[in-house]
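Below: one structure, written as structure tokens.
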Amino acid sequence: MEHQDYKLSLELRIDFSDLDLYRHVNNLTFIRFMQSGRVNLWEATGLSEMYEEHNKGAILVSSHCDFQRSLYYPGTAIVKTKVAFLKNSSFGIDHIILNNDGEICARGHDVAACYDFNLNSTFSIPKELRDKLNRY
């Protein structure tokens, strides 16, 4: 099962405010769910801590979401996240968003780059961070 490839998982409650005119979860909410998955990865790998301590972290370069099935209230969205690739200063992140029945409702892909906010430039992924990202 492909879900096993995703080491990080986050369960999010679907709120009534997440719905659109058609009474299913709004497309923008799926993007927010992906953001929660990304932040979960930042925290798991120490990227959040790196930013707090050194003003260096990761920035989102691009984000893409393919919608496959509607999500409804009441319910939960399960966001599963994994690292898709590692390059010199950038890396890819894949997400799947599941409903309560474990069905894939959306697939997302992000590209992030390591960024030094002190110098306003990218930097190569340090070995320690690369090792942590490789775990996911």
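Each chain in the structure tokens gets a letter, A, B and so on, in the order shown; residues start at 1 in every chain, and ligands are counted from 1 in the order they appear.
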Would you kindly return, as a compact mmCIF listing (two decimals) with N, CA, C and O atoms, in the first residue's frame, each protein, DNA or RNA residue with an atom no farther than 9 Å from any atom of Asn118 of chain A, considering only C-alpha atoms and excluding same-chain residues fewer than 3 positions away?
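Contents of out-v7.txt, as written:
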# COMPACT_ATOMS: atom_id res chain seq x y z
N HIS A 54 18.81 30.49 13.99
CA HIS A 54 19.79 31.06 13.06
C HIS A 54 19.19 31.94 11.97
O HIS A 54 19.94 32.44 11.12
N ASN A 55 17.85 32.08 11.96
CA ASN A 55 17.19 32.85 10.91
C ASN A 55 17.45 32.24 9.53
O ASN A 55 17.54 32.94 8.53
N LYS A 56 17.58 30.91 9.53
CA LYS A 56 17.74 30.13 8.29
C LYS A 56 16.72 29.01 8.33
O LYS A 56 16.50 28.42 9.39
N TYR A 115 16.78 28.53 2.81
CA TYR A 115 16.92 29.96 2.62
C TYR A 115 17.50 30.61 3.87
O TYR A 115 17.05 30.35 4.99
N SER A 121 19.38 34.71 0.58
CA SER A 121 19.80 33.81 -0.50
C SER A 121 19.64 32.36 -0.05
O SER A 121 19.55 32.07 1.15
inquiry  = Write out as a PyMOL selection string the set of residues from chain A that DSSP, computed on the backbone, places in alpha helix (DSSP H).
reply    = chain A and resi 27-45+47-54+127-134
message = So that I can see what lies close to Trp42 of chain A, please list as an NGL selection string the residues with an atom at most 10 Å from it, counting only C-alpha atoms and leaving out residues fewer than 6 positions away in the same chain.
response = :A and (36 or 48-51 or 57-58 or 133)
Go ahead and save the residues from that selection, with C-alpha atoms, as a PDB file, in the first residue's frame.
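Output file out02.pdb follows:
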ATOM      1  CA  SER A  36      -0.031  21.783   7.896  1.00  0.00           C
ATOM      2  CA  SER A  48      11.580  25.239  12.513  1.00  0.00           C
ATOM      3  CA  GLU A  49      14.237  25.205  15.205  1.00  0.00           C
ATOM      4  CA  MET A  50      16.931  26.180  12.685  1.00  0.00           C
ATOM      5  CA  TYR A  51      14.885  29.218  11.733  1.00  0.00           C
ATOM      6  CA  GLY A  57      15.090  27.676   7.186  1.00  0.00           C
ATOM      7  CA  ALA A  58      13.020  26.651   4.213  1.00  0.00           C
ATOM      8  CA  LEU A 133      15.107  14.774   5.527  1.00  0.00           C
TER       9      LEU A 133
END
task = Please provide the set of residues having any atom within 7 Å of Arg13 of chain A, restricted to only C-alpha atoms, with same-chain residues fewer than 6 positions apart removed, written as a list in words.
result =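 Everything that qualifies: Gly75, Thr76 and Ala77 of chain A.
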query = Any idea what's packed within 10 Å of Leu41 of chain A, counting only C-alpha atoms, ignoring anything in its chain fewer than 6 positions away? Could you give it as a PyMOL selection string?
reply = chain A and resi 7-9+35+47-48+81-83+93+133+136
Keeping C-alpha atoms, export the residues of the selection given above as a short mmCIF file (atom, residue, chain, number, x, y, z; two decimals), in the first residue's frame.
data_model
loop_
_atom_site.label_atom_id
_atom_site.label_comp_id
_atom_site.auth_asym_id
_atom_site.auth_seq_id
_atom_site.Cartn_x
_atom_site.Cartn_y
_atom_site.Cartn_z
CA LYS A 7 6.32 8.51 7.36
CA LEU A 8 4.54 11.62 8.67
CA SER A 9 0.82 11.71 9.37
CA GLN A 35 0.65 23.60 4.61
CA LEU A 47 13.84 23.24 10.17
CA SER A 48 11.58 25.24 12.51
CA THR A 81 3.70 13.70 3.98
CA LYS A 82 7.03 12.46 2.64
CA VAL A 83 10.17 13.90 1.10
CA ILE A 93 7.52 17.16 -0.63
CA LEU A 133 15.11 14.77 5.53
CA TYR A 136 11.04 11.00 5.73
#
query = What's the 10 Å shell around Ser124 of chain A, counting only C-alpha atoms, without same-chain residues fewer than 2 positions away, as a PyMOL selection string?
reply = chain A and resi 87-90+113-115+122+126-127+130
Write a file of the selected residues as a compact mmCIF listing (two decimals), in the first residue's frame, keeping N, CA and C atoms.
# COMPACT_ATOMS: atom_id res chain seq x y z
N LYS A 87 17.83 17.89 -3.61
CA LYS A 87 18.84 18.42 -4.53
C LYS A 87 19.86 19.19 -3.71
N ASN A 88 20.58 20.10 -4.33
CA ASN A 88 21.61 20.86 -3.62
C ASN A 88 21.01 21.74 -2.53
N SER A 89 20.10 22.63 -2.90
CA SER A 89 19.49 23.53 -1.92
C SER A 89 17.98 23.38 -1.84
N SER A 90 17.40 22.57 -2.70
CA SER A 90 15.95 22.41 -2.72
C SER A 90 15.55 20.95 -2.49
N ALA A 113 13.00 25.38 -0.74
CA ALA A 113 14.44 25.64 -0.83
C ALA A 113 14.93 26.11 0.53
N CYS A 114 16.15 25.73 0.86
CA CYS A 114 16.79 26.23 2.08
C CYS A 114 17.14 27.69 1.85
N TYR A 115 16.78 28.53 2.81
CA TYR A 115 16.92 29.96 2.62
C TYR A 115 17.50 30.61 3.87
N THR A 122 19.61 31.49 -1.02
CA THR A 122 19.52 30.06 -0.72
C THR A 122 20.87 29.56 -0.22
N PRO A 126 22.56 21.37 4.56
CA PRO A 126 23.65 20.82 5.37
C PRO A 126 23.47 19.31 5.57
N LYS A 127 24.58 18.60 5.77
CA LYS A 127 24.54 17.15 5.90
C LYS A 127 23.58 16.70 7.00
N ARG A 130 20.13 17.11 5.73
CA ARG A 130 19.93 16.14 4.65
C ARG A 130 19.65 14.75 5.22
ask   = Between A:Cys65, A:Leu129, A:Ile104, A:Ile97, which has the minimum distance to Thr45 of chain A (counting only C-alpha atoms)?
value =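 Using only C-alpha atoms, the shortest distance to Thr45 of chain A belongs to A:Leu129.
Interatomic distance, atom CA of Tyr22 of chain A against atom CA of Leu71 of chain A: 11.1 Å.
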Which of segment 2-134 of chain A fall in strand (DSSP E), as a PyMOL selection string = chain A and resi 8-14+56-67+75-86+90-98+104-116+121-122
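Candidate residues A:Lys80, A:Glu53, A:Ser70, A:Met34 were compared for distance to Val111 of chain A, and the nearest is A:Met34, using only C-alpha atoms.
In this comparison, which uses only C-alpha atoms, the residue of A:Phe33, A:Phe117, A:Tyr73, A:Phe85 approaching Asn134 of chain A most closely is A:Phe85.
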